[in-house]
Amino acid sequence: MKTNPKYFRLYLISFGILIVDFVWLMYARKPDLIFYLLAWIGLSLFATGFVYWVLPTLKYIWVRPIGKTVVALFHAFLLVFALGPALDLVAGSTGLPPQDFTVSVAFWGVFLYPFMWIGALSIVLLVLYLSLFLASSVVWVTTLIGINDVILYFAKFLPESSPSQRFIQTGRHSFINTFFLHAFGALVLAMIMVALNTKIWEQTWRLKPAARVFAAISDYHIISSYPGIDEKRPALIHENGLVSYAEPTGPWTVDFTVERVAEVEESRQNFPQP
């Protein structure tokens with residue numbers, strides 16, 4: 001499979017920018033705006049180079065039925081996994097049992113779903129980084145003095161000009177350099193995703209006011225025929241004979257009050273005796 005040659009040029013440009021960034025740090029003697037800007041540009045280009053390298057492989061996997069099946073299962077798993085943070089958000093914003101807010105939990109689960117993908121991809125990238133690093137390290141060990149002589153000796157017994165023999169004789173150093181670059185690219189992209197995801201999850205508390213308003217709109221309704229419920233206020237029935245009411249206190253604020261369902265005397269009917 002042919003890879004896009006752009007990744008190597010991006011790696012070189014990134015290394016050049018990072019070297020300039022290091023020289024600037026030595027000149028400025030402390031990190032400043034220019035240092036952070038150059039570092040961000042350099043690392044972003046390195047991550048972009050890695051994406052260019054891995055993209056043909058992802059396309060190759062995607063066109064295979066097994067690849068589409070794995071991706072579909074991964075989608076389903078992450079969507080179910082996203083319900084956990086959605087339940088926490090609804091519970092923290094309303095102070096009520098989140099399992100009773102079916103619409104809110106479903107909505108926030110879908111809303112948080114892309115961020116679950118970012119977290120999952122960062123884990124996949126870290127595993128890929130370890131795999132690439134270990135592979136390049138193992139091949140590097142075979143180039144050490146003593147081990148290299150033994151490897152070259154046994155390579156003589158392989159079929160002449162076979163891919164394995166050519167790799168052992170002339171391809172190992174290229175493999176080591178390339179895979180070390182790809183491993184670093186996977187690590188950089190994973191770190192960028194981890195930093196982004198961490199910042200996003202740290203800000204989820206800002207969603208609580210919106211979650212309260214959304215719950216009041218989507219999960220609370222006027223219930224006119226249920227006995228013991230105030231038919232003038234939007235209500236949500238809970239377990240153990242409890243009901244909560246959503247009461248707007250401003251344009252974008254709402255309070256929730258919990259009461260017991262009022263006891264209603266049931267009418268009795270006399271049935272004819274057999």
# chains A, B, ... in the order shown; residues from 1 in each chain; ligands from 1
$ select_by_dssp --residues "segment 23-216 of chain A" --states "alpha helix (DSSP H)" --output "number ranges by chain"
A: 23-28, 33-62, 65-81, 83-94, 102-141, 147-155, 163-166, 172-202, 208-216
$ residues_around --residues "segment 28-45 of chain A" --least-positions-apart "5" --cutoff "12 Å" --atoms "only C-alpha atoms" --output "ChimeraX atom specification"
/A:6-23,50-52,184-193
$ atom_distance --atom1 "atom CA of Val70 of chain A" --atom2 "atom CA of Leu126 of chain A"
18.9 Å
$ residues_around --residues "segment 148-155 of chain A" --least-positions-apart "5" --cutoff "9 Å" --atoms "only C-alpha atoms" --output "VMD selection string"
chain A and resid 141 to 143 164 to 166 168 to 169
$ residues_around --residues "Pro97 of chain A" --least-positions-apart "4" --cutoff "10 Å" --atoms "only C-alpha atoms" --output "compact mmCIF listing (two decimals) with C-alpha atoms, in the first residue's frame"
# COMPACT_ATOMS: atom_id res chain seq x y z
CA LEU A 87 -26.62 10.76 33.96
CA ASP A 88 -24.09 12.59 36.14
CA VAL A 90 -28.62 15.53 34.81
CA ALA A 91 -28.33 14.40 38.43
CA GLY A 92 -25.93 17.22 39.31
CA PHE A 101 -35.27 12.19 32.94
CA HIS A 238 -41.00 9.72 40.49
CA GLU A 239 -40.96 6.51 42.49
$ atom_distance --atom1 "atom CA of Tyr113 of chain A" --atom2 "atom CA of Phe77 of chain A"
10.4 Å
$ residues_around --residues "Arg212 of chain A" --least-positions-apart "3" --cutoff "8 Å" --atoms "only C-alpha atoms" --output "ChimeraX atom specification"
/A:90,93-94,208-209,215-216,253-254
$ select_by_dssp --residues "segment 40-260 of chain A" --states "strand (DSSP E or B)" --output "list in words"
His221, Ala235, Leu236, Ile237, Leu242, Val243, Ser244, Tyr245, Ala246, Glu247, Pro248, Thr249, Gly250, Thr253, Val254, Asp255, Phe256, Thr257, Val258, Glu259 and Arg260 of chain A
$ closest_residue --among "A:Ser161, A:Ser136, A:Gln99, A:Thr57" --to "Asp219 of chain A" --atoms "only C-alpha atoms"
A:Gln99
$ closest_residue --among "A:Pro163, A:Ile118, A:Trp140, A:Ser244" --to "Ile223 of chain A" --atoms "only C-alpha atoms"
A:Ser244
$ atom_distance --atom1 "atom CA of Leu207 of chain A" --atom2 "atom CA of Leu96 of chain A"
16.3 Å
$ decode --residues "segment 225-261 of chain A" --atoms "C-alpha atoms" --output "PDB file, in the first residue's frame"
ATOM      1  CA  SER A 225     -55.836  13.464  34.578  1.00  0.00           C
ATOM      2  CA  TYR A 226     -53.479  11.927  37.105  1.00  0.00           C
ATOM      3  CA  PRO A 227     -54.962  11.921  40.628  1.00  0.00           C
ATOM      4  CA  GLY A 228     -53.118  13.919  43.252  1.00  0.00           C
ATOM      5  CA  ILE A 229     -51.077  16.013  40.777  1.00  0.00           C
ATOM      6  CA  ASP A 230     -51.324  19.791  40.515  1.00  0.00           C
ATOM      7  CA  GLU A 231     -52.591  20.174  36.965  1.00  0.00           C
ATOM      8  CA  LYS A 232     -51.471  23.819  36.784  1.00  0.00           C
ATOM      9  CA  ARG A 233     -47.745  23.106  37.121  1.00  0.00           C
ATOM     10  CA  PRO A 234     -45.432  21.037  34.869  1.00  0.00           C
ATOM     11  CA  ALA A 235     -44.792  17.818  36.762  1.00  0.00           C
ATOM     12  CA  LEU A 236     -42.638  14.710  36.641  1.00  0.00           C
ATOM     13  CA  ILE A 237     -43.696  11.614  38.581  1.00  0.00           C
ATOM     14  CA  HIS A 238     -41.005   9.722  40.489  1.00  0.00           C
ATOM     15  CA  GLU A 239     -40.958   6.505  42.486  1.00  0.00           C
ATOM     16  CA  ASN A 240     -42.254   6.091  46.044  1.00  0.00           C
ATOM     17  CA  GLY A 241     -45.214   8.380  45.510  1.00  0.00           C
ATOM     18  CA  LEU A 242     -43.151  11.504  44.817  1.00  0.00           C
ATOM     19  CA  VAL A 243     -43.662  14.173  42.188  1.00  0.00           C
ATOM     20  CA  SER A 244     -41.450  17.107  41.253  1.00  0.00           C
ATOM     21  CA  TYR A 245     -42.550  20.380  39.716  1.00  0.00           C
ATOM     22  CA  ALA A 246     -40.552  22.700  37.445  1.00  0.00           C
ATOM     23  CA  GLU A 247     -41.095  26.328  38.334  1.00  0.00           C
ATOM     24  CA  PRO A 248     -39.415  29.007  36.161  1.00  0.00           C
ATOM     25  CA  THR A 249     -37.795  31.771  38.229  1.00  0.00           C
ATOM     26  CA  GLY A 250     -36.411  33.795  35.323  1.00  0.00           C
ATOM     27  CA  PRO A 251     -35.865  33.751  31.558  1.00  0.00           C
ATOM     28  CA  TRP A 252     -33.182  31.032  31.805  1.00  0.00           C
ATOM     29  CA  THR A 253     -33.512  29.771  35.387  1.00  0.00           C
ATOM     30  CA  VAL A 254     -35.774  27.148  36.892  1.00  0.00           C
ATOM     31  CA  ASP A 255     -36.304  25.596  40.316  1.00  0.00           C
ATOM     32  CA  PHE A 256     -37.468  22.084  41.094  1.00  0.00           C
ATOM     33  CA  THR A 257     -39.672  21.283  44.077  1.00  0.00           C
ATOM     34  CA  VAL A 258     -40.489  17.799  45.286  1.00  0.00           C
ATOM     35  CA  GLU A 259     -43.787  16.858  46.927  1.00  0.00           C
ATOM     36  CA  ARG A 260     -45.708  13.738  47.725  1.00  0.00           C
ATOM     37  CA  VAL A 261     -48.582  12.829  45.464  1.00  0.00           C
TER      38      VAL A 261
END
